[in-house]
Amino acid sequence: MRALLAVAMLVGGLSQALAASEADFKAAYAEAEAAQKQAAALRNQWLPTQTALAAAKKAGDSGDFGGAIAQAHEAEALAKASIFQATSEKERWRDMEIH
Amino acid sequence: MASLTAYMAFTSRGKPMDIKIPNDPRALAAYEDGKRYFYTRRGQLNFSCASCHIQSPGERLRAEILAPALGILNAMPIYRSEWAGMGTTSRRFVTCNSQTRAVPLEPQSDEYRDLEYYLSYVSNGLPISGPGARP
């Protein structure tokens, strides 16, 4: 009886951990996607961001939430870098201009 | 579109590029936007058009030799071995953007058209030599 209870607790705890991971992935993916949309509005998306987002989705779909979260964070960082680039280049492009 | 511009370039061979910017705020804005696009860094590699075509003409990018910005459009459109066919200037811009790891814009987008306008104007006086060929 005790063994059965221990197994039930283990399974319950595991599924709870998995559910939390999936929720974390969804949150991380949403953040990355929002940043990528912002980059799109600035007409400055990067190809590696698309690759990382696709990898995150693929990992998430296969249940590898740890890998999916890592890829989503990578995508978010890349998207934020592209946003920074587009924003700073609004003025910085003049540094390259020849007259 | 590539075939049509190839025909137009061929019939204009040897004639100088002669783009006029009318005193119209829309034309001036298109020219300025094209210039800004040319000098703006983009993509994960943080390259602008000027990084290759002002700062590094003559250098090699794998099998390609980087062309100078002045006159670069005079040989357009081009046959590219990579494409196994003719391509428009817009198609070339798509490839350039991809090479800097930027998501390319739509062919014939406003940005690409403005860039083509700017690059054509700065090539004024140089002879048209298109259609050209590249690796």
# chains A, B, ... in the order shown; residues from 1 in each chain; ligands from 1
>>> closest_atom_pairs(of="chain B", to="chain A", cutoff="10 Å", atoms="only C-alpha atoms", output="Markdown table")
| residue | atom | partner | partner_atom | distance |
| --- | --- | --- | --- | --- |
| B:Lys35 | CA | A:Glu97 | CA | 8.7 |
| B:Arg36 | CA | A:Trp93 | CA | 6.8 |
| B:Tyr37 | CA | A:Trp93 | CA | 8.4 |
| B:Phe38 | CA | A:Trp93 | CA | 8.7 |
| B:Tyr39 | CA | A:Trp93 | CA | 5.3 |
| B:Thr40 | CA | A:Trp93 | CA | 4.8 |
| B:Arg41 | CA | A:Glu89 | CA | 6.7 |
| B:Arg42 | CA | A:Asn44 | CA | 6.8 |
| B:Gly43 | CA | A:Trp46 | CA | 5.4 |
| B:Gln44 | CA | A:Trp46 | CA | 6.2 |
| B:Leu45 | CA | A:Trp46 | CA | 9.5 |
| B:Asn46 | CA | A:Gln85 | CA | 8.0 |
| B:Ser48 | CA | A:Trp93 | CA | 8.6 |
| B:Ala50 | CA | A:Met96 | CA | 7.4 |
| B:Ser51 | CA | A:Met96 | CA | 8.5 |
| B:Ile54 | CA | A:Ile98 | CA | 8.9 |
| B:Gln55 | CA | A:Met96 | CA | 9.5 |
| B:Asn97 | CA | A:Trp46 | CA | 9.5 |
| B:Ser98 | CA | A:Leu47 | CA | 7.5 |
| B:Gln99 | CA | A:Leu47 | CA | 9.7 |
| B:Thr100 | CA | A:Trp46 | CA | 8.8 |
| B:Arg101 | CA | A:Leu47 | CA | 5.2 |
| B:Ala102 | CA | A:Trp46 | CA | 4.3 |
| B:Val103 | CA | A:Trp46 | CA | 5.2 |
| B:Pro104 | CA | A:Gln45 | CA | 8.3 |
| B:Leu105 | CA | A:Arg43 | CA | 7.7 |
| B:Glu111 | CA | A:Arg43 | CA | 9.7 |
>>> write_last_selection(atoms="C-alpha atoms", output="PDB file, in the first residue's frame")
ATOM      1  CA  LYS B  35      20.109  56.338 -49.398  1.00  0.00           C
ATOM      2  CA  ARG B  36      19.201  55.602 -45.781  1.00  0.00           C
ATOM      3  CA  TYR B  37      18.518  51.969 -46.646  1.00  0.00           C
ATOM      4  CA  PHE B  38      21.879  51.712 -48.409  1.00  0.00           C
ATOM      5  CA  TYR B  39      23.809  52.840 -45.342  1.00  0.00           C
ATOM      6  CA  THR B  40      21.700  51.113 -42.665  1.00  0.00           C
ATOM      7  CA  ARG B  41      23.218  48.036 -41.025  1.00  0.00           C
ATOM      8  CA  ARG B  42      20.967  45.004 -40.858  1.00  0.00           C
ATOM      9  CA  GLY B  43      21.013  41.278 -40.282  1.00  0.00           C
ATOM     10  CA  GLN B  44      22.862  39.308 -37.640  1.00  0.00           C
ATOM     11  CA  LEU B  45      26.154  40.095 -39.416  1.00  0.00           C
ATOM     12  CA  ASN B  46      25.454  43.819 -38.953  1.00  0.00           C
ATOM     13  CA  SER B  48      24.918  47.598 -44.590  1.00  0.00           C
ATOM     14  CA  ALA B  50      27.909  50.100 -47.968  1.00  0.00           C
ATOM     15  CA  SER B  51      29.894  47.549 -45.922  1.00  0.00           C
ATOM     16  CA  ILE B  54      31.662  51.083 -50.528  1.00  0.00           C
ATOM     17  CA  GLN B  55      34.149  49.646 -48.046  1.00  0.00           C
ATOM     18  CA  ASN B  97      19.793  40.538 -47.322  1.00  0.00           C
ATOM     19  CA  SER B  98      19.912  36.768 -46.807  1.00  0.00           C
ATOM     20  CA  GLN B  99      23.702  36.834 -46.909  1.00  0.00           C
ATOM     21  CA  THR B 100      23.724  39.245 -43.962  1.00  0.00           C
ATOM     22  CA  ARG B 101      21.290  36.879 -42.176  1.00  0.00           C
ATOM     23  CA  ALA B 102      18.435  39.345 -42.418  1.00  0.00           C
ATOM     24  CA  VAL B 103      14.953  38.237 -43.398  1.00  0.00           C
ATOM     25  CA  PRO B 104      14.604  39.639 -46.925  1.00  0.00           C
ATOM     26  CA  LEU B 105      11.804  42.049 -47.764  1.00  0.00           C
ATOM     27  CA  GLU B 111      12.407  49.858 -49.656  1.00  0.00           C
TER      28      GLU B 111
END
>>> select_by_dssp(residues="chain B", states="strand (DSSP E)", output="number ranges by chain")
B: 60-61, 64-65, 78-80, 85-87, 132-134
>>> closest_residue(among="A:Lys26, A:Ala39, A:Gly60, A:Ser21", to="Ala77 of chain A", atoms="only C-alpha atoms")
A:Ala39
>>> atom_distance(atom1="atom CA of Thr87 of chain A", atom2="atom CA of Ala27 of chain A")
25.4 Å
